[in-house]
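> The following file, final-v6.cif, comprises mmCIF, C-alpha atoms and all ligand atoms:
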```cif
data_final
#
loop_
_atom_site.label_atom_id
_atom_site.label_comp_id
_atom_site.auth_asym_id
_atom_site.auth_seq_id
_atom_site.Cartn_x
_atom_site.Cartn_y
_atom_site.Cartn_z
CA MET A 12 -1.09 -40.53 -5.87
CA ASN A 13 1.61 -38.13 -7.01
CA ALA A 14 0.57 -38.49 -10.65
CA THR A 15 -2.75 -36.78 -9.92
CA THR A 16 -1.33 -34.06 -7.67
CA LYS A 17 -1.01 -30.85 -9.59
CA ILE A 18 -0.85 -27.77 -7.49
CA PRO A 19 -0.38 -24.51 -9.40
CA PHE A 20 2.41 -22.19 -8.18
CA ILE A 21 0.20 -19.17 -8.94
CA ASP A 22 -3.42 -19.86 -9.89
CA LEU A 23 -4.56 -17.31 -12.48
CA LYS A 24 -7.15 -19.63 -13.99
CA ALA A 25 -9.17 -19.90 -10.76
CA GLN A 26 -9.28 -16.12 -10.62
CA ARG A 27 -10.55 -15.84 -14.19
CA LEU A 28 -13.26 -18.40 -13.55
CA ARG A 29 -14.28 -16.55 -10.42
CA LEU A 30 -14.62 -13.29 -12.35
CA ASN A 31 -17.04 -15.22 -14.51
CA GLY A 32 -16.89 -13.42 -17.85
CA ALA A 33 -16.32 -9.89 -16.48
CA ILE A 34 -12.81 -9.71 -17.94
CA GLU A 35 -13.87 -11.00 -21.34
CA ALA A 36 -16.74 -8.49 -21.41
CA SER A 37 -14.50 -5.55 -20.50
CA VAL A 38 -11.94 -6.51 -23.15
CA GLN A 39 -14.74 -6.83 -25.71
CA LYS A 40 -15.88 -3.31 -24.83
CA VAL A 41 -12.43 -1.90 -25.58
CA ILE A 42 -12.24 -3.79 -28.87
CA GLU A 43 -15.55 -2.22 -29.84
CA HIS A 44 -14.79 1.40 -28.88
CA GLY A 45 -11.30 1.06 -30.40
CA GLN A 46 -9.39 3.58 -28.23
CA PHE A 47 -6.50 1.22 -27.62
CA ILE A 48 -4.04 3.90 -26.44
CA MET A 49 -5.12 6.09 -23.49
CA GLY A 50 -8.77 5.10 -23.85
CA PRO A 51 -11.24 5.99 -21.07
CA GLU A 52 -10.49 2.84 -19.03
CA VAL A 53 -6.94 4.07 -18.38
CA ARG A 54 -8.03 7.12 -16.39
CA GLU A 55 -10.87 5.12 -14.84
CA PHE A 56 -8.39 2.57 -13.52
CA GLU A 57 -5.99 5.26 -12.29
CA THR A 58 -8.83 6.92 -10.38
CA ALA A 59 -9.92 3.60 -8.88
CA LEU A 60 -6.36 2.93 -7.73
CA GLU A 61 -6.10 6.46 -6.27
CA GLU A 62 -9.26 5.80 -4.25
CA TYR A 63 -8.10 2.39 -3.12
CA THR A 64 -4.55 3.35 -2.09
CA GLY A 65 -5.15 6.92 -0.93
CA ALA A 66 -2.39 8.19 -3.25
CA ALA A 67 -3.35 11.59 -4.68
CA ASN A 68 -1.99 10.70 -8.11
CA VAL A 69 -1.71 7.43 -9.99
CA ILE A 70 0.03 7.63 -13.35
CA SER A 71 -0.06 4.33 -15.18
CA CYS A 72 2.73 3.24 -17.54
CA ALA A 73 3.97 0.30 -19.58
CA ASN A 74 5.61 -1.81 -16.83
CA GLY A 75 7.10 -1.73 -13.35
CA THR A 76 10.64 -1.13 -14.58
CA ASP A 77 9.56 1.94 -16.56
CA ALA A 78 7.70 3.12 -13.45
CA ILE A 79 11.04 3.27 -11.60
CA SER A 80 12.74 5.00 -14.56
CA LEU A 81 9.93 7.56 -14.78
CA ALA A 82 10.18 8.24 -11.03
CA LEU A 83 13.95 8.76 -11.26
CA MET A 84 13.57 11.00 -14.33
CA ALA A 85 10.91 13.09 -12.59
CA LEU A 86 13.36 13.53 -9.70
CA ASP A 87 15.89 14.72 -12.28
CA ILE A 88 18.50 12.09 -11.47
CA GLN A 89 21.80 12.80 -13.22
CA PRO A 90 24.56 10.50 -14.51
CA GLY A 91 27.05 9.68 -11.75
CA GLU A 92 24.62 10.29 -8.90
CA VAL A 93 24.23 7.55 -6.31
CA VAL A 94 21.00 5.75 -5.46
CA PHE A 95 21.05 3.21 -2.63
CA VAL A 96 19.27 -0.06 -3.47
CA PRO A 97 19.04 -3.40 -1.64
CA ALA A 98 21.20 -6.18 -3.09
CA PHE A 99 18.48 -8.79 -2.54
CA THR A 100 15.77 -7.86 -5.04
CA PHE A 101 14.83 -8.28 -8.71
CA ALA A 102 17.42 -6.70 -11.04
CA ALA A 103 14.92 -4.14 -12.35
CA THR A 104 15.30 -2.08 -9.16
CA ALA A 105 18.97 -1.37 -9.94
CA GLU A 106 18.58 -1.53 -13.72
CA ALA A 107 16.47 1.62 -13.90
CA VAL A 108 19.16 3.51 -11.96
CA ALA A 109 22.04 2.22 -14.09
CA LEU A 110 20.23 2.81 -17.38
CA LEU A 111 20.06 6.53 -16.58
CA GLY A 112 23.81 6.56 -16.00
CA ALA A 113 23.37 6.88 -12.25
CA ILE A 114 25.08 4.53 -9.78
CA PRO A 115 23.18 1.81 -7.92
CA TYR A 116 24.96 1.45 -4.56
CA PHE A 117 24.16 -1.94 -3.01
CA VAL A 118 22.96 -2.06 0.57
CA ASP A 119 22.43 -5.26 2.57
CA VAL A 120 19.03 -6.50 3.72
CA ASP A 121 17.95 -7.54 7.20
CA GLU A 122 18.27 -11.31 7.43
CA ALA A 123 14.96 -11.75 9.25
CA THR A 124 12.70 -9.40 7.26
CA PHE A 125 14.52 -9.62 3.87
CA LEU A 126 14.02 -5.82 3.64
CA ILE A 127 16.62 -3.04 3.32
CA SER A 128 18.77 -2.90 6.46
CA HIS A 129 18.83 0.41 8.29
CA GLU A 130 22.32 -0.24 9.68
CA SER A 131 23.74 -1.16 6.29
CA LEU A 132 22.09 1.88 4.74
CA LYS A 133 23.58 4.22 7.35
CA ARG A 134 27.02 2.70 6.87
CA SER A 135 26.72 2.93 3.08
CA ILE A 136 25.64 6.58 3.16
CA LEU A 137 28.67 7.41 5.32
CA ASP A 138 30.97 5.46 3.01
CA ALA A 139 29.63 7.14 -0.14
CA LYS A 140 29.98 10.57 1.49
CA LYS A 141 33.54 9.79 2.54
CA LYS A 142 34.35 8.88 -1.06
CA GLY A 143 32.86 12.17 -2.22
CA LEU A 144 30.13 10.50 -4.29
CA PRO A 145 27.08 12.66 -5.09
CA ILE A 146 24.30 10.84 -3.18
CA ARG A 147 20.71 11.44 -4.27
CA GLY A 148 18.25 8.82 -3.10
CA ILE A 149 17.12 5.48 -1.75
CA ILE A 150 14.94 2.86 -3.42
CA ALA A 151 13.45 0.51 -0.83
CA VAL A 152 11.76 -2.68 -2.02
CA ASP A 153 8.60 -4.20 -0.55
CA LEU A 154 10.02 -7.66 -1.07
CA PHE A 155 7.50 -10.51 -1.42
CA GLY A 156 4.77 -8.08 -0.36
CA SER A 157 6.15 -7.05 3.03
CA ILE A 158 6.73 -3.39 3.84
CA PRO A 159 9.75 -1.73 5.48
CA ASP A 160 9.54 1.02 8.10
CA TYR A 161 9.26 3.99 5.73
CA GLN A 162 9.07 6.46 8.64
CA GLU A 163 12.53 5.43 9.75
CA LEU A 164 13.76 5.58 6.14
CA ALA A 165 12.25 9.06 5.68
CA GLN A 166 14.11 10.29 8.76
CA LEU A 167 17.45 9.00 7.47
CA ALA A 168 16.66 10.39 4.01
CA LYS A 169 15.86 13.81 5.45
CA GLU A 170 19.10 13.95 7.44
CA ASN A 171 21.01 13.28 4.23
CA ASN A 172 18.85 15.21 1.77
CA LEU A 173 17.86 12.07 -0.15
CA PHE A 174 14.60 11.10 -1.88
CA VAL A 175 12.86 7.80 -1.13
CA ILE A 176 11.23 5.67 -3.81
CA ALA A 177 9.22 2.61 -2.76
CA ASP A 178 9.50 -0.23 -5.27
CA ALA A 179 6.10 -1.70 -4.53
CA ALA A 180 6.00 -4.06 -7.52
CA GLN A 181 5.11 -6.91 -5.15
CA SER A 182 3.03 -5.16 -2.51
CA ILE A 183 -0.01 -3.37 -3.97
CA GLY A 184 -2.95 -4.27 -1.72
CA GLY A 185 -0.76 -4.50 1.39
CA SER A 186 -0.83 -2.06 4.29
CA ARG A 187 1.25 -0.87 7.21
CA GLY A 188 -0.57 0.61 10.21
CA ASN A 189 -3.78 2.05 8.83
CA LYS A 190 -2.31 3.05 5.48
CA GLN A 191 -2.29 1.28 2.14
CA VAL A 192 0.80 0.78 0.01
CA GLY A 193 1.15 3.81 -2.26
CA VAL A 194 1.51 6.60 0.30
CA PHE A 195 4.67 5.70 2.24
CA ALA A 196 7.44 7.23 0.12
CA ASP A 197 7.93 10.37 -1.99
CA ILE A 198 7.16 8.19 -4.99
CA THR A 199 5.84 4.62 -5.09
CA THR A 200 6.20 2.46 -8.18
CA THR A 201 4.39 -0.75 -8.99
CA SER A 202 4.07 -3.47 -11.60
CA PHE A 203 1.07 -5.28 -13.08
CA PHE A 204 3.12 -8.16 -14.48
CA PRO A 205 0.69 -11.12 -14.57
CA SER A 206 2.06 -12.92 -11.51
CA LYS A 207 2.11 -9.88 -9.20
CA PRO A 208 -0.65 -9.47 -6.57
CA LEU A 209 -2.50 -7.16 -8.98
CA GLY A 210 -1.61 -8.58 -12.38
CA ALA A 211 -2.73 -7.69 -15.91
CA TYR A 212 -2.83 -10.04 -18.90
CA GLY A 213 0.44 -8.60 -20.13
CA ASP A 214 2.81 -5.86 -18.99
CA GLY A 215 1.73 -2.83 -17.01
CA GLY A 216 2.91 -0.53 -14.25
CA ALA A 217 2.18 2.67 -12.36
CA VAL A 218 3.74 5.52 -10.41
CA LEU A 219 1.92 6.77 -7.30
CA THR A 220 2.67 10.09 -5.61
CA SER A 221 1.07 12.78 -3.48
CA ASP A 222 3.28 15.39 -5.20
CA ASN A 223 1.26 17.04 -7.97
CA GLU A 224 4.30 18.57 -9.62
CA ILE A 225 6.02 15.18 -9.92
CA ALA A 226 2.77 13.69 -11.20
CA ASP A 227 2.61 16.31 -13.97
CA LYS A 228 6.22 15.62 -14.94
CA ILE A 229 5.51 11.88 -15.20
CA LYS A 230 2.41 12.47 -17.32
CA SER A 231 4.68 14.33 -19.74
CA LEU A 232 7.57 11.86 -19.52
CA ARG A 233 5.41 8.83 -20.36
CA VAL A 234 4.38 10.45 -23.66
CA HIS A 235 7.78 11.46 -25.12
CA GLY A 236 8.22 14.41 -22.77
CA LYS A 237 5.20 16.18 -24.21
CA GLY A 238 4.33 19.81 -23.49
CA ARG A 239 0.96 20.98 -24.86
CA ASP A 240 0.72 17.80 -26.93
CA LYS A 241 2.95 14.97 -28.11
CA TYR A 242 4.39 17.06 -30.95
CA ASP A 243 5.47 19.74 -28.51
CA ASN A 244 8.35 17.94 -26.78
CA VAL A 245 9.71 19.87 -23.85
CA VAL A 246 11.95 17.21 -22.26
CA ILE A 247 13.42 13.85 -23.33
CA GLY A 248 10.84 11.27 -22.33
CA MET A 249 9.72 7.71 -23.04
CA ASN A 250 6.91 5.88 -24.74
CA SER A 251 5.46 4.19 -21.70
CA ARG A 252 1.70 3.89 -21.42
CA LEU A 253 -0.64 1.28 -20.00
CA ASP A 254 -2.69 -0.34 -22.80
CA THR A 255 -6.41 0.38 -22.56
CA ILE A 256 -7.16 -3.35 -22.69
CA GLN A 257 -4.89 -3.95 -19.70
CA ALA A 258 -6.52 -1.06 -17.81
CA ALA A 259 -9.95 -2.62 -18.47
CA ILE A 260 -8.74 -5.97 -17.13
CA LEU A 261 -7.11 -4.35 -14.09
CA LEU A 262 -10.35 -2.50 -13.25
CA GLU A 263 -12.12 -5.84 -12.88
CA LYS A 264 -9.29 -7.35 -10.87
CA LEU A 265 -8.95 -4.35 -8.54
CA ARG A 266 -12.55 -4.91 -7.40
CA ILE A 267 -11.63 -8.26 -5.87
CA LEU A 268 -8.12 -7.38 -4.67
CA PRO A 269 -9.11 -6.68 -1.02
CA GLU A 270 -10.76 -10.10 -0.76
CA GLU A 271 -7.78 -11.71 -2.43
CA ILE A 272 -5.38 -10.12 0.06
CA THR A 273 -7.45 -11.61 2.91
CA ALA A 274 -7.39 -15.01 1.20
CA ARG A 275 -3.61 -14.80 0.72
CA GLN A 276 -3.21 -13.98 4.42
CA LYS A 277 -5.21 -17.14 5.27
CA VAL A 278 -2.91 -19.28 3.14
CA ALA A 279 0.14 -17.63 4.73
CA ASN A 280 -1.29 -18.24 8.22
CA SER A 281 -1.79 -21.90 7.50
CA TYR A 282 1.80 -22.23 6.25
CA ILE A 283 3.10 -20.31 9.28
CA GLN A 284 1.19 -22.54 11.71
CA SER A 285 1.98 -25.85 10.06
CA LEU A 286 5.47 -25.73 8.61
CA PRO A 287 8.15 -27.38 10.77
CA LYS A 288 9.47 -24.77 13.21
CA SER A 289 13.05 -25.38 12.11
CA PHE A 290 12.31 -23.56 8.83
CA LEU A 291 12.97 -19.85 9.04
CA LEU A 292 10.29 -17.70 7.42
CA GLN A 293 10.28 -14.06 6.30
CA GLU A 294 9.48 -12.06 9.43
CA VAL A 295 6.66 -9.60 8.82
CA HIS A 296 6.21 -6.65 11.21
CA LYS A 297 3.04 -6.90 13.31
CA THR A 298 1.53 -3.73 11.82
CA VAL A 299 2.10 -4.96 8.26
CA THR A 300 -0.45 -6.80 6.16
CA SER A 301 1.71 -8.32 3.47
CA ALA A 302 0.32 -8.77 -0.04
CA TRP A 303 2.12 -12.15 0.05
CA ALA A 304 3.34 -11.93 -3.53
CA GLN A 305 5.48 -14.88 -2.45
CA PHE A 306 5.55 -17.07 0.62
CA THR A 307 9.22 -17.70 1.21
CA THR A 308 11.10 -20.02 3.53
CA ARG A 309 14.75 -21.04 3.87
CA THR A 310 16.93 -24.13 3.99
CA THR A 311 20.60 -24.95 3.52
CA ASN A 312 19.44 -28.01 1.57
CA ARG A 313 17.44 -26.21 -1.11
CA GLY A 314 18.27 -28.29 -4.17
CA GLN A 315 17.26 -31.61 -2.64
CA LEU A 316 14.18 -30.27 -0.89
CA CYS A 317 12.80 -28.54 -3.99
CA ASP A 318 13.57 -31.56 -6.22
CA GLY A 319 11.72 -33.83 -3.76
CA LEU A 320 8.71 -31.52 -3.65
CA LYS A 321 8.67 -31.30 -7.45
CA GLU A 322 8.53 -35.08 -7.73
CA LEU A 323 5.43 -35.05 -5.54
CA GLY A 324 3.78 -32.38 -7.71
CA ILE A 325 4.54 -29.37 -5.53
CA PRO A 326 6.14 -26.55 -7.53
CA THR A 327 8.57 -24.16 -5.83
CA ALA A 328 10.58 -21.21 -7.15
CA VAL A 329 13.72 -19.38 -6.08
CA TYR A 330 13.46 -15.58 -5.80
CA TYR A 331 16.31 -14.65 -6.13
CA PRO A 332 19.21 -17.08 -6.64
CA THR A 333 21.91 -14.39 -6.98
CA PRO A 334 22.27 -11.09 -5.10
CA LEU A 335 22.65 -8.17 -7.52
CA ASN A 336 26.26 -7.48 -6.47
CA LYS A 337 27.23 -10.95 -7.80
CA LEU A 338 25.61 -10.53 -11.24
CA GLN A 339 27.89 -9.82 -14.17
CA ALA A 340 26.03 -6.66 -15.17
CA TYR A 341 26.15 -5.18 -11.66
CA LYS A 342 29.22 -6.49 -9.88
CA HIS A 343 31.34 -3.40 -10.54
CA TYR A 344 28.98 -1.09 -8.63
CA PRO A 345 29.81 -0.04 -5.06
CA HIS A 346 28.36 -1.71 -1.97
CA ASP A 347 28.29 -1.59 1.83
CA PRO A 348 31.97 -1.59 2.94
CA ASN A 349 31.14 -4.35 5.47
CA GLY A 350 29.87 -6.61 2.66
CA LEU A 351 26.43 -8.01 1.88
CA ALA A 352 26.41 -11.17 3.99
CA SER A 353 22.64 -11.41 4.56
CA SER A 354 21.78 -10.86 0.90
CA GLU A 355 24.26 -13.56 -0.10
CA LYS A 356 23.02 -15.98 2.54
CA LEU A 357 19.37 -15.47 1.66
CA ALA A 358 20.05 -15.88 -2.06
CA SER A 359 21.58 -19.29 -1.33
CA GLU A 360 18.80 -20.49 1.00
CA VAL A 361 15.39 -19.07 0.02
CA PHE A 362 12.62 -20.78 -1.89
CA SER A 363 8.96 -19.93 -2.30
CA LEU A 364 5.92 -22.21 -1.93
CA PRO A 365 2.73 -22.17 -4.01
CA MET A 366 0.78 -19.02 -3.13
CA SER A 367 -2.53 -17.84 -4.51
CA PRO A 368 -5.80 -16.56 -3.06
CA TYR A 369 -7.35 -19.64 -4.66
CA LEU A 370 -5.09 -22.30 -3.15
CA THR A 371 -7.62 -24.72 -1.66
CA GLU A 372 -7.40 -26.06 1.87
CA GLU A 373 -6.74 -29.55 0.48
CA ASP A 374 -3.86 -28.17 -1.57
CA GLN A 375 -2.41 -26.43 1.47
CA VAL A 376 -2.64 -29.62 3.53
CA GLN A 377 -1.02 -31.50 0.64
CA VAL A 378 1.87 -29.03 0.48
CA ILE A 379 2.47 -29.30 4.22
CA ASN A 380 2.19 -33.11 4.30
CA PHE A 381 4.59 -33.56 1.41
CA PHE A 382 6.93 -31.01 2.93
CA GLU A 383 7.11 -33.08 6.14
CA LYS A 384 7.54 -36.25 4.16
CA ILE A 385 10.50 -34.88 2.19
CA ILE A 386 12.36 -33.42 5.14
CA LYS A 387 12.24 -36.83 6.87
CA LEU A 388 13.98 -38.30 3.82
CA LEU A 389 16.72 -35.67 3.72
C1 LIG A 401 8.48 -7.31 -11.06
C2 LIG A 401 9.36 -6.35 -10.40
C3 LIG A 401 9.83 -5.19 -11.04
C4 LIG A 401 9.64 -4.92 -12.51
O1 LIG A 401 8.35 -4.96 -12.96
P1 LIG A 401 8.06 -5.25 -14.52
O2 LIG A 401 6.62 -4.88 -14.65
O3 LIG A 401 8.32 -6.68 -14.77
O4 LIG A 401 8.93 -4.34 -15.31
C5 LIG A 401 10.61 -4.30 -10.33
N1 LIG A 401 10.93 -4.53 -9.04
C6 LIG A 401 10.52 -5.63 -8.39
C7 LIG A 401 10.89 -5.80 -6.96
C8 LIG A 401 9.73 -6.58 -9.05
O5 LIG A 401 9.34 -7.68 -8.40
#
```
For this file, write the structure as structure tokens.

Amino acid sequence: MNATTKIPFIDLKAQRLRLNGAIEASVQKVIEHGQFIMGPEVREFETALEEYTGAANVISCANGTDAISLALMALDIQPGEVVFVPAFTFAATAEAVALLGAIPYFVDVDEATFLISHESLKRSILDAKKKGLPIRGIIAVDLFGSIPDYQELAQLAKENNLFVIADAAQSIGGSRGNKQVGVFADITTTSFFPSKPLGAYGDGGAVLTSDNEIADKIKSLRVHGKGRDKYDNVVIGMNSRLDTIQAAILLEKLRILPEEITARQKVANSYIQSLPKSFLLQEVHKTVTSAWAQFTTRTTNRGQLCDGLKELGIPTAVYYPTPLNKLQAYKHYPHDPNGLASSEKLASEVFSLPMSPYLTEEDQVQVINFFEKIIKLL
């Protein structure tokens, strides 16, 4: 039986089949018109994403990491300035800060929600101030598709004269209250890496903001800091544009994103209802519709459990095995004076189950059955 079980961790093929030639046709169109850089599909996609998210400006770029760099550059971040980032996230969140010579200051996450901890953030801000560090901003991360309380973050940011960037690489399509991801922070950044909820067939990213001045700066920064044109360079910028072919693909995928978010929620609900209650899950606030980039649970017996599931044909993945403060490249940066216990605990316990809008009911039942079978053996 296990020889025939093959459940995909993320099912991109089912999505392509569902789109039934639309992607191939849109790529063909770009090949024929030949405007591979900043062709008409780029602006068309940006406009579609503005309409969908409610963000006044969407500026696409080459990837989600560049999106964070562009946001920081538009906010004129300077070397030595401090930006608070959660320790439990993908390295790119802190990398963009460090690459500009600024200082990523690691804040703990809340153990239940996996999102930046308000208490740790408050403590870290106080600590940085006490040390006389020039504090500038906060990057919160919508980890696995869930969304922190940005109102609360905005209040704390205001009291301390800090900007807030939302790293929404994993949450496009999600919502909190009656608002879509893209409007919660001063600047929101996202990624179209293939496995993200809205994925291209290659790299891609975007910056979303209601601030027209910041939007104009980013439009310049993504094309070598251009002024009137790209040979009139007014600031040091980057070469960071979304390929026209990727924009054409994303336009087709954006059309079905709302349905896919609903389908992901169904899969998540079935996991939530059926998994043994002893397994702690990521707690999602009741007003949040997560984009469920990952469905993540926890165990102190991760190695054995994941090996057992793998043998039965159920793939799992660990996001993320090491908190950023323990990575060689980042361990010298400052962190919450009380330590980062939740980030460290989560990194040692979390693992994610197959998640896709196209995971069939049989596959879901299979995952849950095998899960129960393995834990009895442990
Ligand atoms: C994927 C991801 C990024 C980086 O996006 P890329 O497009 O791969 O550069 C940044 N932050 C988080 C939280 C991510 O998951």
> Nearest to Leu126 of chain A among A:Val278, A:Lys190, A:Trp303, A:Ser354, with distances taken over only C-alpha atoms: which residue is it?
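Nearest candidate to Leu126 of chain A out of A:Val278, A:Lys190, A:Trp303, A:Ser354: A:Ser354.
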> Show me, as a list in words, the residues that have an atom within 8 Å of Phe47 of chain A when counting only C-alpha atoms, minus same-chain residues fewer than 6 positions from it.
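With the cut-off at 8 Å, the set is Val41, Asp254, Thr255 and Ile256 of chain A.
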> Could you give me, as number ranges by chain, the residues within 7 Å of segment 115-121 of chain A, counting only C-alpha atoms and dropping anything in the same chain fewer than 3 positions from it?
A: 93-99, 105, 108-109, 124-128, 131-132, 135, 336, 344-347, 351, 353-354
> Can you pull out every residue with an atom within 6 Å of ligand LIG 401 (chain A)? Use only C-alpha atoms and all ligand atoms and format it as a list in words.
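The distance check yields Asn74, Gly75, Thr76, Thr100, Phe101, Ala103, Thr104, Val152, Asp178, Ala180, Gln181, Ser202, Phe203, Phe204, Asp214, Gly215 and Gly216 of chain A.
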> Around all the atoms of segment 330-339 of chain A listed in the file, with 6 Å of room on each side, what axis-aligned box do you get, giving centre and edge lengths in Å to one decimal, as JSON?

```
{"center_x": 20.7, "center_y": -12.3, "center_z": -9.6, "size_x": 26.4, "size_y": 21.6, "size_z": 21.1}
```
> Given the choices A:Ile379, A:Glu52, A:Tyr341, A:Glu170, which gets closest to Ile283 of chain A if the distance is worked out from only C-alpha atoms?
A:Ile379
> Point out the residue among A:Tyr330, A:Tyr242, A:Tyr369, A:Phe155 with the least atom-to-atom distance to Gln293 of chain A, counting all atoms listed in the file.
A:Phe155
> One number please: atom CA of Glu43 of chain A to atom CA of Glu61 of chain A, in Å, one decimal.
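These atoms are spaced 26.8 Å apart.
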> From the list A:Asp240, A:Glu372, A:Asp227, A:Glu122, which residue is nearest Glu355 of chain A when using only C-alpha atoms?
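Among the listed residues, the smallest separation from Glu355 of chain A belongs to A:Glu122.
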> Separation of atom CA of Glu57 of chain A and atom CA of Ser186 of chain A, in Å?
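So the two atoms, atom CA of Glu57 of chain A and atom CA of Ser186 of chain A, lie 18.8 Å apart.
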> Please reconstruct the missing atoms of segment 105-119 of chain A (target: N, CA and C atoms) and return them as a PDB file, keeping the file's coordinate frame.

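Below you can see selection.pdb, which holds the result:
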```pdb
ATOM      1  N   ALA A 105      17.673  -2.021  -9.676  1.00  0.00           N
ATOM      2  CA  ALA A 105      18.970  -1.370  -9.940  1.00  0.00           C
ATOM      3  C   ALA A 105      19.119  -0.985 -11.408  1.00  0.00           C
ATOM      4  N   GLU A 106      18.460  -1.749 -12.274  1.00  0.00           N
ATOM      5  CA  GLU A 106      18.580  -1.530 -13.720  1.00  0.00           C
ATOM      6  C   GLU A 106      18.133  -0.126 -14.117  1.00  0.00           C
ATOM      7  N   ALA A 107      17.006   0.298 -13.557  1.00  0.00           N
ATOM      8  CA  ALA A 107      16.470   1.620 -13.900  1.00  0.00           C
ATOM      9  C   ALA A 107      17.471   2.712 -13.536  1.00  0.00           C
ATOM     10  N   VAL A 108      18.150   2.537 -12.409  1.00  0.00           N
ATOM     11  CA  VAL A 108      19.160   3.510 -11.960  1.00  0.00           C
ATOM     12  C   VAL A 108      20.332   3.529 -12.948  1.00  0.00           C
ATOM     13  N   ALA A 109      20.849   2.333 -13.243  1.00  0.00           N
ATOM     14  CA  ALA A 109      22.040   2.220 -14.090  1.00  0.00           C
ATOM     15  C   ALA A 109      21.770   2.710 -15.515  1.00  0.00           C
ATOM     16  N   LEU A 110      20.572   2.429 -16.005  1.00  0.00           N
ATOM     17  CA  LEU A 110      20.230   2.810 -17.380  1.00  0.00           C
ATOM     18  C   LEU A 110      20.263   4.326 -17.575  1.00  0.00           C
ATOM     19  N   LEU A 111      20.028   5.066 -16.501  1.00  0.00           N
ATOM     20  CA  LEU A 111      20.060   6.530 -16.580  1.00  0.00           C
ATOM     21  C   LEU A 111      21.478   7.065 -16.330  1.00  0.00           C
ATOM     22  N   GLY A 112      22.421   6.141 -16.210  1.00  0.00           N
ATOM     23  CA  GLY A 112      23.810   6.560 -16.000  1.00  0.00           C
ATOM     24  C   GLY A 112      24.125   6.863 -14.546  1.00  0.00           C
ATOM     25  N   ALA A 113      23.143   6.669 -13.682  1.00  0.00           N
ATOM     26  CA  ALA A 113      23.370   6.880 -12.250  1.00  0.00           C
ATOM     27  C   ALA A 113      23.984   5.595 -11.674  1.00  0.00           C
ATOM     28  N   ILE A 114      24.350   5.649 -10.387  1.00  0.00           N
ATOM     29  CA  ILE A 114      25.080   4.530  -9.780  1.00  0.00           C
ATOM     30  C   ILE A 114      24.231   3.823  -8.733  1.00  0.00           C
ATOM     31  N   PRO A 115      23.846   2.556  -9.000  1.00  0.00           N
ATOM     32  CA  PRO A 115      23.180   1.810  -7.920  1.00  0.00           C
ATOM     33  C   PRO A 115      24.236   1.393  -6.892  1.00  0.00           C
ATOM     34  N   TYR A 116      24.030   1.787  -5.647  1.00  0.00           N
ATOM     35  CA  TYR A 116      24.960   1.450  -4.560  1.00  0.00           C
ATOM     36  C   TYR A 116      24.256   0.382  -3.725  1.00  0.00           C
ATOM     37  N   PHE A 117      24.853  -0.824  -3.641  1.00  0.00           N
ATOM     38  CA  PHE A 117      24.160  -1.940  -3.010  1.00  0.00           C
ATOM     39  C   PHE A 117      24.270  -1.966  -1.491  1.00  0.00           C
ATOM     40  N   VAL A 118      23.106  -2.059  -0.881  1.00  0.00           N
ATOM     41  CA  VAL A 118      22.960  -2.060   0.570  1.00  0.00           C
ATOM     42  C   VAL A 118      22.475  -3.453   0.964  1.00  0.00           C
ATOM     43  N   ASP A 119      22.868  -3.931   2.130  1.00  0.00           N
ATOM     44  CA  ASP A 119      22.430  -5.260   2.570  1.00  0.00           C
ATOM     45  C   ASP A 119      20.983  -5.212   3.058  1.00  0.00           C
TER      46      ASP A 119
END
```
